[in-house]
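Asker: Here it is, the structure, as structure tokens.
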Amino acid sequence: MVPLSYYLVLGGFLFACGVTGFLIKRNIITIFMSIELMLNGVNLTFVAFAAHWGALSGQVFVFFVMVVAAAEAAVGLAIIISVYRTRETLNVDHVNLLKL
Amino acid sequence: MTPNLHLWLIPLLPLIGAAINGLLGKRFSRQIVVAVALAFCGAAFAMALWVAAGFAALAVPHVEFVAPWIRSGSFQADFAFYLDPLSLVMLLVVTGVGFLIHIYSVGYMWEEGGFYRFFCYLNLFMFFMLTLVLANNYLLMFIGWEGVGLASYLLIGFWFTKDSAASAGKKAFIVNRIGDFGFLIALFLLIKHFGSLNFAQVFQSIAPLGVETAGAGLLTSIGLLLLVGACGKSAQIPLYVWLPDAMEGPTPVSALIHAATMVTAGVYMIARSHVIFERAPTALTAVAIIGTLTALFAATIGVCQTDIKKVLAYSTISQLGYMFLACGVGAFSAGIFHLMTHAFFKGLLFLAAGSVIHAVGGEQDMRRMGGLRTQIPWTFWTMTAATFAIAGFPPFAGFFSKDAILFEASKVSLVYWGIGVFTAFLTSFYMFRLWFMTFFGEYRGEQGGGHHDDPHSRAGAPAPHGHGIHESPKIMLAPLVILAVLSVCGGWIGSARFDKFLSPVFHSGVTAYSQQEAAAPTTPAEHKDEDRSELLFTSISVGAAALGLYLAWLLYISRPQLPQQIAEGLGGFYRAVLDKYYVDELYTTLFVKPLLDGSTRILWHGVDQNVIDATLDGSADGAREVSDSLRHMQSGNLRSYAGWIAAGAAAVIAYMIWVGTQ
């Protein structure tokens, strides 16, 4: 039996990787992937706790997260495509028309 | 059951005229403006005559309630009108002289711009003045009091593009505010102690009170404060300074407001409040002293003035001083008598002066007149009547009223009488000086009489025609003739009969000076003595007037180089009198400049700029600086927001871990 702390450390590591990627990467697709990474880090902790406590609610939450993530991916990717079509770039620093 | 006279119509008619001319007059032709103004003013006069005709059958005081106005607890002030012999006299003087001056103005102002505006203001003035004299309570009276001040301001500044006229209007208004301040406080005292401002109620509650013999008391303070108000309105020392400047207005305005009616409001108010003054000898003495001093002081200034209207202005102040003196010695009816005759002859003097100014094309300086006797005979003869009237020659009107005042004054103190007679001498002198300088000798002005390009010559005068010296049109001469007749005959009523007519008003059983009279009941022999002394006093004052006439003739006809020599002989004193004793300069240094400086430095630069503005500016600057630094957080860079969120989350987790380890 793998102890709970292993899952938590892995989940925290994935989340931290996601945050770091989100903050330092400029490519919009990489940023999008980093968000997914954070979500999955959180999902991992949810299921780890659910297994640990023998409670089902954590797993239900994970399903919700996955559904929302799928919807988000659909919308997000559509935006990315339309941004790329109009601006011909995926660098977020160049998508700054709304900045002051 | 007393008849309902609809007194409210009398003030309201001119108001309707003012409203019509004020709102629509711009579209009217001059004829319609005149028709409206004269119709409503004349209707008020006709109504006043109708009221006077039925007056004998009325029970006085006749009070007519029109509408409730202020009712707060036990305090009541209503729109109600009060008719007694005193207000009837005022009513007739105001509407009668006012109507004549309206007629005169038609001719005088015909070629002026703002014709409708002038008549609108004139009618507005009539409304407020009639409200003032007919009011049933002090508060309504105060409305009229302030309203005539407003009309006076508007009319003095009628030629508002001229700087001096605009500031003269302001000066009149501001100086009057000082007086009104005293008047208002007197009203507050009345409310506080008697709970009412209705004449009848106030006087009823005062009536049982005795004479305040020892120094000051409540009635004395009320009396003195009312006196302050009267001094402002009636141009008495120390608040007279606005009246000479008020001559910037058109001449009919000077005649109506600043000679015949408005300036006498103070005298009317004191006479109306005689119940208070009779119980406050200190206040009454103050009235007499102020009146005497003003009469003398203004007369001396009048002697040196060269502007024809300024001479008349100082003369008005001086004559108002006589009226105050009359009130101050308890001879209220003599004061009102003089008020009436003065309205006739001083109104006439101003109108005739306006006619002279009109004739010589806007010139007001008497040094550039002269010899006009033959060219403008109607003006000359009417002005002669007025001059003899004001100088106090029998049988002209001024003689009777002035004589009554001086005789009453002599009963109280010979000092008042002495100064009064000396002032009568001065009055006669400066009036005949004016008369000689204007109508006799050689014409000293420019030939042709037109001053087309000289803007200064337009002060208070209509546009010059440039036809040379010419008599005024008939519409201006008619009022002159009527007023001349009144100036001659107005005094024939006799002060005794006038006194009897007013006695229901002034008979209240108490007079401040009654003690000594009561102590010595008059025997027939003493009565004879009194008659003889009255004759003596009368001949002395007529002698003084004749002396003034002779001196003026000597100086300005017989030996015209003499005034120059006398002026040089007097040196500094002459300069002081010529410069009106530097009173304006003194007020400027003492009050106006400190006030202006204080307002500029402390209130404007200090309080307004450094406190109020600085607080607002400071808070605005602070907000901007704080937001300037905060706005860098809102860079629009998505990843920096994410960074902040991550940092925040990290901080929350760190805090929770720290809490957990505790």
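Each chain in the structure tokens gets a letter, A, B and so on, in the order shown; residues start at 1 in every chain, and ligands are counted from 1 in the order they appear.
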When the cut-off is 10 Å and we count only C-alpha atoms, which residues of chain A are near chain B, given as a list of chain:residue names?

Answerer: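 Close to chain B, chain A has A:Ala16, A:Val19, A:Thr20, A:Phe22, A:Leu23, A:Ile24, A:Lys25, A:Arg26, A:Ile31, A:Val92, A:Asp93, A:Val95, A:Asn96, A:Leu97, A:Leu98, A:Lys99, A:Leu100.
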
Asker: Residues within 9 Å of Asp245 (chain B), please, as a ChimeraX atom specification. Count only C-alpha atoms; anything in the same chain fewer than 5 positions from it doesn't count.

Answerer: /B:156,164-165,167-169,171-172,310,313

Asker: Could you write out the selected residues, including N, CA and C atoms, as an mmCIF file, in the first residue's frame?

Answerer:
```cif
data_model
loop_
_atom_site.group_PDB
_atom_site.id
_atom_site.type_symbol
_atom_site.label_atom_id
_atom_site.label_comp_id
_atom_site.auth_asym_id
_atom_site.auth_seq_id
_atom_site.Cartn_x
_atom_site.Cartn_y
_atom_site.Cartn_z
ATOM 1 N N ILE B 156 -30.888 103.073 -9.580
ATOM 2 C CA ILE B 156 -29.619 103.822 -9.521
ATOM 3 C C ILE B 156 -28.681 103.262 -10.581
ATOM 4 N N SER B 164 -19.638 103.929 -12.747
ATOM 5 C CA SER B 164 -19.968 104.687 -11.546
ATOM 6 C C SER B 164 -21.418 104.428 -11.140
ATOM 7 N N ALA B 165 -22.306 104.256 -12.135
ATOM 8 C CA ALA B 165 -23.707 103.990 -11.801
ATOM 9 C C ALA B 165 -23.836 102.617 -11.153
ATOM 10 N N SER B 167 -21.588 100.964 -9.454
ATOM 11 C CA SER B 167 -21.068 100.899 -8.086
ATOM 12 C C SER B 167 -21.890 101.768 -7.150
ATOM 13 N N ALA B 168 -22.506 102.834 -7.666
ATOM 14 C CA ALA B 168 -23.388 103.630 -6.802
ATOM 15 C C ALA B 168 -24.576 102.783 -6.354
ATOM 16 N N GLY B 169 -25.095 101.978 -7.266
ATOM 17 C CA GLY B 169 -26.194 101.083 -6.908
ATOM 18 C C GLY B 169 -25.772 100.112 -5.825
ATOM 19 N N LYS B 171 -23.381 100.505 -3.705
ATOM 20 C CA LYS B 171 -23.123 101.224 -2.460
ATOM 21 C C LYS B 171 -24.432 101.456 -1.706
ATOM 22 N N ALA B 172 -25.440 101.916 -2.463
ATOM 23 C CA ALA B 172 -26.737 102.161 -1.832
ATOM 24 C C ALA B 172 -27.260 100.880 -1.190
ATOM 25 N N LYS B 310 -26.221 117.014 -7.090
ATOM 26 C CA LYS B 310 -25.573 116.755 -5.798
ATOM 27 C C LYS B 310 -26.044 117.760 -4.757
ATOM 28 N N ALA B 313 -29.201 116.564 -3.645
ATOM 29 C CA ALA B 313 -29.070 115.352 -2.827
ATOM 30 C C ALA B 313 -28.728 115.710 -1.391
#
```

Asker: Which of chain A end up as alpha helix (DSSP H) when DSSP is run on this backbone - answer as a ChimeraX atom specification?

Answerer: /A:4-24,28-53,57-87

Asker: What lies within 8 Å of Thr538 (chain B) using only C-alpha atoms, ignoring chain neighbours under 3 positions off, as a tab-separated table (two decimals) with C-alpha atoms, in the first residue's frame?

Answerer:
```tsv
chain	number	residue	atom	x	y	z
B	403	ASP	CA	-41.71	126.55	11.03
B	407	PHE	CA	-41.18	125.80	16.92
B	534	GLU	CA	-44.01	131.60	18.14
B	535	LEU	CA	-44.26	134.80	16.16
B	541	SER	CA	-36.41	131.78	10.73
B	542	VAL	CA	-37.88	133.84	7.90
```

Asker: Could you list, as an MDAnalysis selection string, every residue within 8 Å of Ala69 (chain A), counting only C-alpha atoms and ignoring same-chain residues fewer than 3 positions away?

Answerer: chainID A and resid 36 39 65:66 72:73

Asker: Neighbouring residues of region 139-141 of chain B were defined as those with any atom within 7 Å, considering only C-alpha atoms; residues of the same chain fewer than 5 positions away were excluded. Please report them as a PDB file with C-alpha atoms, in the first residue's frame.

Answerer:
```
ATOM      1  CA  ALA B  77     -47.939  87.739  10.475  1.00  0.00           C
ATOM      2  CA  THR B 131     -46.740  97.724   0.695  1.00  0.00           C
ATOM      3  CA  LEU B 132     -44.438  99.519   3.094  1.00  0.00           C
ATOM      4  CA  LEU B 197     -45.252  92.170  15.016  1.00  0.00           C
TER       5      LEU B 197
END
```

Asker: Rounded to one decimal, what separation in Å do you get between CA of Arg373 (chain B) and CA of Gly445 (chain B)?

Answerer: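 Computed distance, CA of Arg373 (chain B) to CA of Gly445 (chain B), equals 14.3 Å.
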
Asker: Near Pro560 (chain B), within 12 Å and counting only C-alpha atoms, which residues show up once chain neighbours fewer than 2 positions away are dropped, as a list in words?

Answerer: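 Near neighbours after the sequence-gap exclusion: Arg367, Arg433, Phe436, Met437, Phe440, Gly441, Glu442, Leu551, Ala552, Trp553, Leu554, Leu555, Tyr556, Ile557, Ser558, Leu562, Pro563, Gln564, Gln565 and Ile566 of chain B.
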
Asker: Could you dump the residues just selected with N, CA and C atoms as a compact mmCIF listing (two decimals), in the first residue's frame?

Answerer:
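Written output follows (result13.txt):
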```txt
# COMPACT_ATOMS: atom_id res chain seq x y z
N ARG B 367 -21.60 125.45 -12.86
CA ARG B 367 -20.66 126.46 -13.30
C ARG B 367 -20.74 126.66 -14.81
N ARG B 433 -28.23 129.99 -4.28
CA ARG B 433 -26.97 129.89 -5.04
C ARG B 433 -27.24 129.08 -6.31
N PHE B 436 -29.50 131.17 -8.63
CA PHE B 436 -28.78 132.25 -9.33
C PHE B 436 -27.81 131.68 -10.36
N MET B 437 -27.07 130.66 -9.96
CA MET B 437 -26.06 130.13 -10.86
C MET B 437 -26.70 129.54 -12.11
N PHE B 440 -29.55 132.88 -13.67
CA PHE B 440 -29.19 134.28 -13.83
C PHE B 440 -27.79 134.41 -14.39
N GLY B 441 -27.41 135.62 -14.66
CA GLY B 441 -26.07 135.88 -15.16
C GLY B 441 -25.94 135.47 -16.62
N GLU B 442 -24.71 135.23 -17.02
CA GLU B 442 -24.43 134.86 -18.40
C GLU B 442 -24.39 133.36 -18.53
N LEU B 551 -27.41 136.81 0.82
CA LEU B 551 -26.01 136.40 0.72
C LEU B 551 -25.75 135.76 -0.64
N ALA B 552 -26.66 134.88 -1.05
CA ALA B 552 -26.50 134.22 -2.35
C ALA B 552 -26.50 135.25 -3.46
N TRP B 553 -27.38 136.25 -3.34
CA TRP B 553 -27.43 137.30 -4.36
C TRP B 553 -26.12 138.09 -4.38
N LEU B 554 -25.65 138.39 -3.16
CA LEU B 554 -24.42 139.16 -3.03
C LEU B 554 -23.27 138.42 -3.68
N LEU B 555 -23.17 137.12 -3.37
CA LEU B 555 -21.99 136.36 -3.80
C LEU B 555 -22.06 135.96 -5.27
N TYR B 556 -23.26 135.71 -5.77
CA TYR B 556 -23.30 135.12 -7.11
C TYR B 556 -23.86 136.06 -8.17
N ILE B 557 -24.42 137.18 -7.76
CA ILE B 557 -24.92 138.12 -8.75
C ILE B 557 -24.18 139.44 -8.62
N SER B 558 -24.18 139.96 -7.41
CA SER B 558 -23.63 141.29 -7.22
C SER B 558 -22.11 141.30 -7.36
N LEU B 562 -16.36 137.28 -5.38
CA LEU B 562 -16.23 137.13 -3.93
C LEU B 562 -16.12 135.67 -3.48
N PRO B 563 -16.93 134.74 -4.02
CA PRO B 563 -16.84 133.35 -3.55
C PRO B 563 -15.43 132.80 -3.64
N GLN B 564 -14.75 133.13 -4.74
CA GLN B 564 -13.38 132.66 -4.92
C GLN B 564 -12.50 133.14 -3.78
N GLN B 565 -12.65 134.44 -3.44
CA GLN B 565 -11.82 135.01 -2.38
C GLN B 565 -12.13 134.35 -1.05
N ILE B 566 -13.42 134.16 -0.79
CA ILE B 566 -13.79 133.55 0.48
C ILE B 566 -13.23 132.15 0.56
```

Asker: At what distance in Å, to one decimal, does CA of Ala51 (chain A) lie from CA of Gly660 (chain B)?

Answerer: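 A separation of 24.0 Å between them.
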
Asker: Between CA of Gly468 (chain B) and CA of Met109 (chain B), what is the distance, to one decimal in Å?

Answerer: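 Atom-to-atom, CA of Gly468 (chain B) and CA of Met109 (chain B) are spaced 18.6 Å apart.
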
Asker: Need the shell around Phe128 (chain B): protein/DNA/RNA residues with any atom at most 8 Å away, counting only C-alpha atoms. Skip same-chain ones fewer than 6 positions apart. Format as a list in words?

Answerer: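 Selected residues are Pro11, Ile143, Gly144, Trp145, Gly147 and Val148 of chain B.
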
Asker: Point out the residue among B:Arg444, B:Trp417, B:Ala255, B:Ile469 with the least atom-to-atom distance to Val356 (chain B), counting only C-alpha atoms.

Answerer: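 Smallest distance to Val356 (chain B) is found for B:Ile469.
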
Asker: In terms of the shortest atom-to-atom distance over only C-alpha atoms, which of A:Leu8, A:Leu14, A:Met33, A:Ile28 is closest to Thr89 (chain A)?

Answerer: A:Ile28
